[in-house]
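As stored in run-v3.pdb (PDB, C-alpha atoms, pLDDT in the B column):
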ATOM      1  CA  MET I   1       0.000   0.000   0.000  1.00 43.00           C
ATOM      2  CA  THR I   2       1.294   3.525  -0.677  1.00 41.00           C
ATOM      3  CA  ILE I   3       1.903   6.195   1.879  1.00 42.00           C
ATOM      4  CA  SER I   4      -1.114   8.462   1.933  1.00 44.00           C
ATOM      5  CA  ARG I   5      -1.092  12.220   1.754  1.00 42.00           C
ATOM      6  CA  GLY I   6      -1.696  12.438   5.489  1.00 41.00           C
ATOM      7  CA  ALA I   7       1.081   9.991   6.283  1.00 40.00           C
ATOM      8  CA  ARG I   8       3.586  11.865   4.097  1.00 40.00           C
ATOM      9  CA  ALA I   9       2.659  15.070   5.838  1.00 41.00           C
ATOM     10  CA  LEU I  10       2.989  13.722   9.365  1.00 38.00           C
ATOM     11  CA  ALA I  11       6.393  15.289   9.984  1.00 39.00           C
ATOM     12  CA  ALA I  12       5.071  18.753   9.273  1.00 39.00           C
ATOM     13  CA  ALA I  13       1.871  18.055  11.160  1.00 41.00           C
ATOM     14  CA  ALA I  14       3.890  17.335  14.279  1.00 40.00           C
ATOM     15  CA  LEU I  15       4.778  21.011  14.482  1.00 40.00           C
ATOM     16  CA  LEU I  16       1.374  22.380  13.545  1.00 41.00           C
ATOM     17  CA  LEU I  17      -0.994  19.762  14.891  1.00 42.00           C
ATOM     18  CA  ALA I  18       1.267  18.015  17.439  1.00 40.00           C
ATOM     19  CA  ALA I  19      -0.101  14.520  17.502  1.00 42.00           C
ATOM     20  CA  MET I  20      -3.278  14.845  15.492  1.00 44.00           C
ATOM     21  CA  THR I  21      -2.023  12.673  12.623  1.00 45.00           C
ATOM     22  CA  ALA I  22       0.034  11.423  13.246  1.00 42.00           C
ATOM     23  CA  CYS I  23      -9.821  -6.596   2.023  1.00 36.00           C
ATOM     24  CA  ALA I  24     -10.991 -12.467   1.594  1.00 37.00           C
ATOM     25  CA  GLY I  25     -14.395 -13.540   1.904  1.00 39.00           C
ATOM     26  CA  ASP I  26     -15.300 -15.069   5.216  1.00 41.00           C
ATOM     27  CA  ARG I  27     -12.559 -16.134   7.573  1.00 40.00           C
ATOM     28  CA  ASN I  28     -10.956 -19.413   6.502  1.00 40.00           C
ATOM     29  CA  SER I  29     -12.326 -22.512   8.174  1.00 37.00           C
ATOM     30  CA  ASN I  30     -10.244 -24.468  10.657  1.00 37.00           C
ATOM     31  CA  SER I  31      -7.309 -26.408   9.273  1.00 35.00           C
ATOM     32  CA  PRO I  32      -8.021 -29.947   8.035  1.00 35.00           C
ATOM     33  CA  GLY I  33      -8.424 -32.398  10.856  1.00 38.00           C
ATOM     34  CA  ALA I  34      -8.930 -29.727  13.480  1.00 35.00           C
ATOM     35  CA  PRO I  35     -12.041 -30.189  15.620  1.00 35.00           C
ATOM     36  CA  THR I  36     -14.848 -27.807  14.983  1.00 37.00           C
ATOM     37  CA  SER I  37     -17.752 -26.734  17.117  1.00 38.00           C
ATOM     38  CA  PRO I  38     -20.975 -25.086  16.004  1.00 41.00           C
ATOM     39  CA  ALA I  39     -21.553 -21.470  16.912  1.00 44.00           C
ATOM     40  CA  SER I  40     -23.887 -21.149  19.839  1.00 47.00           C
ATOM     41  CA  SER I  41     -26.250 -18.437  20.931  1.00 53.00           C
ATOM     42  CA  THR I  42     -26.496 -17.087  24.445  1.00 55.00           C
ATOM     43  CA  PRO I  43     -29.915 -16.675  26.061  1.00 58.00           C
ATOM     44  CA  ASP I  44     -30.534 -13.311  27.647  1.00 58.00           C
ATOM     45  CA  SER I  45     -32.657 -12.470  30.687  1.00 63.00           C
ATOM     46  CA  THR I  46     -35.864 -12.577  28.648  1.00 66.00           C
ATOM     47  CA  GLY I  47     -35.156 -16.081  27.349  1.00 67.00           C
ATOM     48  CA  SER I  48     -34.373 -14.971  23.793  1.00 74.00           C
ATOM     49  CA  THR I  49     -31.015 -15.739  22.224  1.00 85.00           C
ATOM     50  CA  THR I  50     -28.245 -13.423  21.085  1.00 86.00           C
ATOM     51  CA  PRO I  51     -26.687 -14.482  17.778  1.00 90.00           C
ATOM     52  CA  PRO I  52     -22.913 -14.878  17.664  1.00 93.00           C
ATOM     53  CA  PRO I  53     -20.952 -12.005  16.105  1.00 94.00           C
ATOM     54  CA  THR I  54     -20.435 -12.083  12.364  1.00 96.00           C
ATOM     55  CA  GLU I  55     -17.055 -12.107  10.624  1.00 96.00           C
ATOM     56  CA  THR I  56     -17.539  -8.446   9.831  1.00 97.00           C
ATOM     57  CA  GLU I  57     -18.307  -7.562  13.446  1.00 97.00           C
ATOM     58  CA  LEU I  58     -15.271  -9.470  14.702  1.00 97.00           C
ATOM     59  CA  ALA I  59     -13.025  -7.730  12.184  1.00 98.00           C
ATOM     60  CA  SER I  60     -14.421  -4.343  13.149  1.00 98.00           C
ATOM     61  CA  ARG I  61     -13.763  -4.982  16.837  1.00 97.00           C
ATOM     62  CA  ALA I  62     -10.204  -6.215  16.250  1.00 98.00           C
ATOM     63  CA  ALA I  63      -9.318  -3.318  13.961  1.00 98.00           C
ATOM     64  CA  SER I  64     -10.779  -0.794  16.385  1.00 98.00           C
ATOM     65  CA  GLU I  65      -8.772  -2.238  19.257  1.00 98.00           C
ATOM     66  CA  ILE I  66      -5.462  -2.075  17.376  1.00 98.00           C
ATOM     67  CA  LEU I  67      -6.143   1.509  16.309  1.00 98.00           C
ATOM     68  CA  ARG I  68      -6.619   2.577  19.919  1.00 97.00           C
ATOM     69  CA  ARG I  69      -3.386   0.774  20.803  1.00 98.00           C
ATOM     70  CA  TYR I  70      -1.694   2.600  17.928  1.00 99.00           C
ATOM     71  CA  TYR I  71      -2.419   5.929  19.560  1.00 98.00           C
ATOM     72  CA  GLY I  72      -1.041   4.678  22.858  1.00 98.00           C
ATOM     73  CA  VAL I  73       2.209   3.492  21.276  1.00 99.00           C
ATOM     74  CA  ARG I  74       2.655   6.772  19.407  1.00 98.00           C
ATOM     75  CA  ASN I  75       2.122   8.755  22.577  1.00 98.00           C
ATOM     76  CA  ASP I  76       4.727   6.678  24.411  1.00 99.00           C
ATOM     77  CA  LEU I  77       7.351   6.887  21.657  1.00 99.00           C
ATOM     78  CA  ARG I  78       6.979  10.620  21.153  1.00 98.00           C
ATOM     79  CA  GLN I  79       7.168  11.305  24.869  1.00 98.00           C
ATOM     80  CA  ASP I  80      10.114   9.043  25.727  1.00 98.00           C
ATOM     81  CA  PRO I  81      13.053   9.102  23.273  1.00 97.00           C
ATOM     82  CA  LYS I  82      14.593   6.079  24.984  1.00 97.00           C
ATOM     83  CA  LEU I  83      11.834   3.710  23.879  1.00 98.00           C
ATOM     84  CA  PRO I  84      12.692   1.566  20.812  1.00 98.00           C
ATOM     85  CA  LEU I  85      10.997   2.343  17.521  1.00 98.00           C
ATOM     86  CA  THR I  86      10.477  -1.395  17.008  1.00 98.00           C
ATOM     87  CA  ARG I  87       7.322  -1.004  19.118  1.00 98.00           C
ATOM     88  CA  LEU I  88       5.673   0.571  16.089  1.00 98.00           C
ATOM     89  CA  GLY I  89       5.689  -2.842  14.406  1.00 98.00           C
ATOM     90  CA  THR I  90       3.136  -4.061  16.929  1.00 98.00           C
ATOM     91  CA  VAL I  91       0.524  -1.560  15.722  1.00 99.00           C
ATOM     92  CA  ALA I  92       1.480  -0.416  12.202  1.00 99.00           C
ATOM     93  CA  VAL I  93       2.439  -1.934   8.851  1.00 98.00           C
ATOM     94  CA  SER I  94       3.236  -0.944   5.274  1.00 96.00           C
ATOM     95  CA  GLY I  95       3.319   2.786   4.519  1.00 97.00           C
ATOM     96  CA  GLU I  96       2.099   3.807   7.958  1.00 98.00           C
ATOM     97  CA  LEU I  97       4.917   1.954   9.671  1.00 98.00           C
ATOM     98  CA  THR I  98       7.504   3.630   7.444  1.00 98.00           C
ATOM     99  CA  ALA I  99       5.988   7.078   7.918  1.00 98.00           C
ATOM    100  CA  GLN I 100       5.759   6.818  11.706  1.00 98.00           C
ATOM    101  CA  ARG I 101       9.326   5.578  12.005  1.00 98.00           C
ATOM    102  CA  LEU I 102      10.575   8.544  10.003  1.00 98.00           C
ATOM    103  CA  LEU I 103       8.427  10.995  11.943  1.00 98.00           C
ATOM    104  CA  VAL I 104       9.538   9.906  15.393  1.00 98.00           C
ATOM    105  CA  LYS I 105      13.170   9.604  14.286  1.00 98.00           C
ATOM    106  CA  LYS I 106      13.186  13.169  12.974  1.00 98.00           C
ATOM    107  CA  GLU I 107      11.533  14.487  16.117  1.00 98.00           C
ATOM    108  CA  ARG I 108      14.153  12.821  18.272  1.00 98.00           C
ATOM    109  CA  GLU I 109      17.030  14.061  16.135  1.00 98.00           C
ATOM    110  CA  ALA I 110      15.677  17.598  16.464  1.00 97.00           C
ATOM    111  CA  GLY I 111      15.340  17.263  20.228  1.00 97.00           C
ATOM    112  CA  HIS I 112      11.578  17.649  20.112  1.00 98.00           C
ATOM    113  CA  ARG I 113       9.369  15.833  22.593  1.00 98.00           C
ATOM    114  CA  GLN I 114       5.628  15.448  23.080  1.00 98.00           C
ATOM    115  CA  VAL I 115       4.015  16.417  26.362  1.00 98.00           C
ATOM    116  CA  GLY I 116       0.517  15.126  27.076  1.00 97.00           C
ATOM    117  CA  ASP I 117      -1.522  12.485  25.274  1.00 98.00           C
ATOM    118  CA  THR I 118      -3.367  12.536  21.989  1.00 98.00           C
ATOM    119  CA  LYS I 119      -6.822  11.105  22.706  1.00 97.00           C
ATOM    120  CA  VAL I 120      -9.550   9.565  20.547  1.00 97.00           C
ATOM    121  CA  ALA I 121     -12.534  11.911  20.809  1.00 96.00           C
ATOM    122  CA  GLN I 122     -14.769  10.276  18.187  1.00 96.00           C
ATOM    123  CA  PHE I 123     -14.443   6.907  16.457  1.00 95.00           C
ATOM    124  CA  LYS I 124     -16.458   5.773  13.418  1.00 97.00           C
ATOM    125  CA  VAL I 125     -16.049   2.476  11.532  1.00 98.00           C
ATOM    126  CA  GLN I 126     -16.982   3.367   7.959  1.00 98.00           C
ATOM    127  CA  SER I 127     -16.529   0.059   6.106  1.00 98.00           C
ATOM    128  CA  VAL I 128     -15.247  -3.503   6.419  1.00 98.00           C
ATOM    129  CA  ASN I 129     -13.856  -5.445   3.438  1.00 98.00           C
ATOM    130  CA  LEU I 130     -12.731  -9.019   4.078  1.00 98.00           C
ATOM    131  CA  ASP I 131     -11.316  -9.662   0.589  1.00 97.00           C
ATOM    132  CA  ASN I 132      -8.055 -11.582   0.969  1.00 97.00           C
ATOM    133  CA  SER I 133      -7.668 -12.560  -2.697  1.00 96.00           C
ATOM    134  CA  ASP I 134      -4.216 -11.088  -3.346  1.00 95.00           C
ATOM    135  CA  PRO I 135      -2.141 -10.283  -0.239  1.00 92.00           C
ATOM    136  CA  ALA I 136       1.014  -9.817  -2.333  1.00 90.00           C
ATOM    137  CA  SER I 137      -0.508  -6.766  -4.004  1.00 91.00           C
ATOM    138  CA  GLY I 138      -2.126  -5.442  -0.841  1.00 90.00           C
ATOM    139  CA  LYS I 139      -5.613  -6.857  -1.364  1.00 96.00           C
ATOM    140  CA  VAL I 140      -6.163  -7.982   2.213  1.00 98.00           C
ATOM    141  CA  PRO I 141      -8.971  -7.606   4.779  1.00 98.00           C
ATOM    142  CA  THR I 142      -9.239  -3.914   5.582  1.00 99.00           C
ATOM    143  CA  VAL I 143     -11.382  -1.807   7.903  1.00 99.00           C
ATOM    144  CA  GLN I 144     -11.805   1.904   7.240  1.00 99.00           C
ATOM    145  CA  ILE I 145     -12.115   3.984  10.394  1.00 99.00           C
ATOM    146  CA  ASP I 146     -12.471   7.739  10.827  1.00 99.00           C
ATOM    147  CA  VAL I 147     -11.091   9.196  14.038  1.00 98.00           C
ATOM    148  CA  CYS I 148     -11.327  12.629  15.531  1.00 98.00           C
ATOM    149  CA  ALA I 149      -8.138  13.115  17.496  1.00 98.00           C
ATOM    150  CA  ASP I 150      -8.125  15.389  20.531  1.00 98.00           C
ATOM    151  CA  VAL I 151      -4.815  17.210  21.005  1.00 97.00           C
ATOM    152  CA  SER I 152      -6.084  19.860  23.393  1.00 96.00           C
ATOM    153  CA  ASP I 153      -3.761  18.581  26.134  1.00 96.00           C
ATOM    154  CA  VAL I 154      -0.769  18.045  23.833  1.00 97.00           C
ATOM    155  CA  ASP I 155       2.285  20.252  23.520  1.00 97.00           C
ATOM    156  CA  PHE I 156       5.604  19.765  21.754  1.00 97.00           C
ATOM    157  CA  ILE I 157       8.730  21.202  23.274  1.00 97.00           C
ATOM    158  CA  ASP I 158      12.279  21.655  22.041  1.00 97.00           C
ATOM    159  CA  SER I 159      15.456  20.651  23.821  1.00 95.00           C
ATOM    160  CA  GLY I 160      15.246  23.807  25.904  1.00 95.00           C
ATOM    161  CA  GLY I 161      11.735  23.087  27.094  1.00 96.00           C
ATOM    162  CA  ASP I 162      10.061  25.755  24.987  1.00 97.00           C
ATOM    163  CA  SER I 163       6.849  25.035  23.113  1.00 97.00           C
ATOM    164  CA  ILE I 164       7.062  24.805  19.329  1.00 97.00           C
ATOM    165  CA  ILE I 165       3.310  24.593  18.748  1.00 96.00           C
ATOM    166  CA  SER I 166       1.480  27.389  16.966  1.00 94.00           C
ATOM    167  CA  SER I 167      -0.939  29.283  19.171  1.00 91.00           C
ATOM    168  CA  ASP I 168      -3.720  28.891  16.581  1.00 93.00           C
ATOM    169  CA  ARG I 169      -3.467  25.113  16.339  1.00 93.00           C
ATOM    170  CA  PRO I 170      -6.919  23.485  16.444  1.00 95.00           C
ATOM    171  CA  ASP I 171      -7.720  21.253  19.402  1.00 96.00           C
ATOM    172  CA  SER I 172      -8.942  18.396  17.206  1.00 97.00           C
ATOM    173  CA  GLY I 173      -8.879  17.036  13.671  1.00 97.00           C
ATOM    174  CA  TRP I 174     -10.247  14.143  11.619  1.00 98.00           C
ATOM    175  CA  ILE I 175      -8.045  11.363  10.209  1.00 98.00           C
ATOM    176  CA  ARG I 176      -9.107   8.420   8.035  1.00 98.00           C
ATOM    177  CA  PHE I 177      -7.297   5.170   8.805  1.00 99.00           C
ATOM    178  CA  LEU I 178      -7.088   1.919   6.877  1.00 99.00           C
ATOM    179  CA  VAL I 179      -6.474  -0.947   9.289  1.00 99.00           C
ATOM    180  CA  SER I 180      -5.412  -4.118   7.450  1.00 98.00           C
ATOM    181  CA  ASN I 181      -4.611  -7.739   8.228  1.00 98.00           C
ATOM    182  CA  TYR I 182      -1.781  -9.116   6.106  1.00 97.00           C
ATOM    183  CA  GLU I 183      -1.732 -12.263   8.271  1.00 96.00           C
ATOM    184  CA  TRP I 184      -5.416 -13.156   7.816  1.00 97.00           C
ATOM    185  CA  ASP I 185      -4.854 -16.827   6.976  1.00 95.00           C
ATOM    186  CA  ALA I 186      -2.628 -17.420   9.991  1.00 96.00           C
ATOM    187  CA  ASP I 187      -3.994 -14.876  12.462  1.00 96.00           C
ATOM    188  CA  PRO I 188      -7.422 -13.442  11.566  1.00 95.00           C
ATOM    189  CA  ASP I 189      -7.899 -11.946  15.022  1.00 95.00           C
ATOM    190  CA  GLY I 190      -4.468 -10.642  15.988  1.00 96.00           C
ATOM    191  CA  GLY I 191      -2.873  -9.729  12.664  1.00 98.00           C
ATOM    192  CA  TRP I 192      -4.469  -6.313  12.302  1.00 99.00           C
ATOM    193  CA  ARG I 193      -2.235  -3.268  11.896  1.00 99.00           C
ATOM    194  CA  VAL I 194      -2.703   0.351  10.865  1.00 99.00           C
ATOM    195  CA  ALA I 195      -1.651   0.494   7.196  1.00 98.00           C
ATOM    196  CA  SER I 196      -2.281   4.115   6.219  1.00 98.00           C
ATOM    197  CA  SER I 197      -3.726   7.418   7.386  1.00 98.00           C
ATOM    198  CA  GLN I 198      -5.020  10.540   5.698  1.00 97.00           C
ATOM    199  CA  ASP I 199      -6.111  13.914   7.027  1.00 97.00           C
ATOM    200  CA  LEU I 200      -9.742  14.778   6.310  1.00 97.00           C
ATOM    201  CA  GLU I 201     -11.013  18.255   5.493  1.00 93.00           C
ATOM    202  CA  ARG I 202     -13.830  18.236   7.986  1.00 92.00           C
ATOM    203  CA  GLU I 203     -15.006  20.468  10.787  1.00 93.00           C
ATOM    204  CA  PRO I 204     -13.143  19.683  14.030  1.00 92.00           C
ATOM    205  CA  CYS I 205     -15.135  17.739  16.588  1.00 94.00           C
ATOM    206  CA  ASP I 206     -16.070  19.209  19.949  1.00 91.00           C
ATOM    207  CA  VAL I 207     -13.596  18.219  22.664  1.00 88.00           C
ATOM    208  CA  SER I 208     -14.618  20.757  25.294  1.00 79.00           C
TER
END
Structure re-expressed in structure tokens:
Amino acid sequence: MTISRGARALAAAALLLAAMTACAGDRNSNSPGAPTSPASSTPDSTGSTTPPPTETELASRAASEILRRYYGVRNDLRQDPKLPLTRLGTVAVSGELTAQRLLVKKEREAGHRQVGDTKVAQFKVQSVNLDNSDPASGKVPTVQIDVCADVSDVDFIDSGGDSIISSDRPDSGWIRFLVSNYEWDADPDGGWRVASSQDLEREPCDVS
């Protein structure tokens, strides 16, 4: 996958926006010979049953979880220059992994450090595509998620402790993420990683 416009612009966004910016059919069946068990439904208090989650719902949950972890890892790495950049590999892949490595490396070389945490103010899963027909060319299960990032408590300081953030920086901004699973066949639940990000021209969300 290619680095998106937002990902390529992350280095500049660090100074202006601080930390704002930072597809296979159903999941394969169990391997031959492995025991299988039918999906069951759970009765609720009224005696009716709750159907098990669908493949799409499971993918949405897993992708959402890794995206929230992604923000946590980025906060940690941009606040503590001693932490290894290899941690990015646990939450990002493809163009996003490359872009985030470059961003954090440049910030550290310049002596810049983040203070405070970027938070997820709003979170919207827009689409889920479980097409895994051509992983080699990037056609893997992918979930598209729009996030409004809250940077109202975030500052960036230089080596002398002075803020380098513009006084007119907005407190929030929208980013569109593609969260993909390049390990779908082997790990349909835990192989999700953030693959790309792109800034959206949208009204900031309310974080007051």
Once the PyMOL selection byres ((chain I and resi 55-61) around 12) has been applied to the shown file, what residues remain in the selection, as a PyMOL selection string?
-> chain I and resi 23-29+51-54+62-68+123-131+141-145+178-181+184+187-193
Result set, the PyMOL selection byres ((chain I and resi 116) around 7) on current file, as JSON, numbers by chain = {"I": [114, 115, 117, 118, 153, 154, 155]}
How would the residues just picked look written out with C-alpha atoms as an mmCIF file, keeping the file's coordinate frame?
data_model
loop_
_atom_site.group_PDB
_atom_site.id
_atom_site.type_symbol
_atom_site.label_atom_id
_atom_site.label_comp_id
_atom_site.auth_asym_id
_atom_site.auth_seq_id
_atom_site.Cartn_x
_atom_site.Cartn_y
_atom_site.Cartn_z
ATOM 1 C CA GLN I 114 5.628 15.448 23.080
ATOM 2 C CA VAL I 115 4.015 16.417 26.362
ATOM 3 C CA ASP I 117 -1.522 12.485 25.274
ATOM 4 C CA THR I 118 -3.367 12.536 21.989
ATOM 5 C CA ASP I 153 -3.761 18.581 26.134
ATOM 6 C CA VAL I 154 -0.769 18.045 23.833
ATOM 7 C CA ASP I 155 2.285 20.252 23.520
#
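Proximity of I:Ala195, I:Ala110, I:Ser133, I:Ile165 to Gly89 of chain I, computed with only C-alpha atoms, is greatest for I:Ala195.
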Given the file shown, enumerate the residues that the PyMOL selection byres ((chain I and resi 88) around 10) captures and present them as a ChimeraX atom specification.
-> /I:70,73-74,77,84-87,89-93,96-98,100-101,193-194
Using only the atoms of segment 135-142 of chain I listed in the file, plus 6 Å on each side, state the axis-aligned box centre and edge lengths in Å rounded to one decimal, as JSON.
{"center_x": -4.1, "center_y": -7.1, "center_z": 0.8, "size_x": 22.3, "size_y": 18.4, "size_z": 21.6}
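When atom CA of Ala136 of chain I is paired with atom CA of Gly95 of chain I, their separation reads 14.5 Å.
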Tell me, counting all atoms listed in the file, for each residue of segment 99-167 of chain I within 9 Å of segment 197-204 of chain I, which pair of atoms is nearest and how far apart they are in Å to one decimal, in rows ordered by chain and increasing number, as a Markdown table.
| residue | atom | partner | partner_atom | distance |
| --- | --- | --- | --- | --- |
| I:Asp146 | CA | I:Leu200 | CA | 8.8 |
| I:Cys148 | CA | I:Pro204 | CA | 7.4 |
| I:Ala149 | CA | I:Pro204 | CA | 9.0 |
Residues at most 8 Å from Val147 of chain I, counting all atoms listed in the file, excluding those fewer than 6 positions away in the same chain, as a list in words?
-> Val120, Ala121, Gln122, Phe123, Lys124, Trp174, Ile175, Arg176 and Phe177 of chain I
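Ranking I:Ser152, I:Ser159, I:Ser94, I:Ser172 by their shortest atom-to-atom distance to Gly138 of chain I, with all atoms listed in the file included, puts I:Ser94 first.
For the pair atom CA of Glu109 of chain I and atom CA of Asp80 of chain I, the interatomic distance is 12.8 Å.
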Please measure the separation of atom CA of Leu102 of chain I and atom CA of Pro135 of chain I, giving the value in Å to one decimal.
-> 24.9 Å
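Minimum atom-to-atom distance to His112 of chain I, evaluated using only C-alpha atoms, belongs to I:Ser163 out of I:Ser163, I:Asn132, I:Ser137, I:Asn75.
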In terms of only C-alpha atoms, the residue from I:Lys119, I:Gly160, I:Asp185, I:Arg169 at minimal distance from Arg69 of chain I is I:Lys119
Spatial sel., origin (-10.0, 24.1, 21.1), limit 8 Å, all atoms listed in the file, listed as a PDB file with C-alpha atoms, keeping the file's coordinate frame:
ATOM      1  CA  SER I 152      -6.084  19.860  23.393  1.00 96.00           C
ATOM      2  CA  PRO I 170      -6.919  23.485  16.444  1.00 95.00           C
ATOM      3  CA  ASP I 171      -7.720  21.253  19.402  1.00 96.00           C
ATOM      4  CA  SER I 172      -8.942  18.396  17.206  1.00 97.00           C
ATOM      5  CA  ASP I 206     -16.070  19.209  19.949  1.00 91.00           C
ATOM      6  CA  VAL I 207     -13.596  18.219  22.664  1.00 88.00           C
ATOM      7  CA  SER I 208     -14.618  20.757  25.294  1.00 79.00           C
TER       8      SER I 208
END
Can you list, as a ChimeraX atom specification, every protein, DNA or RNA residue that comes within 7 Å of Asp158 of chain I when you count all atoms listed in the file, leaving out same-chain residues fewer than 3 positions away?
-> /I:111-113,161-164
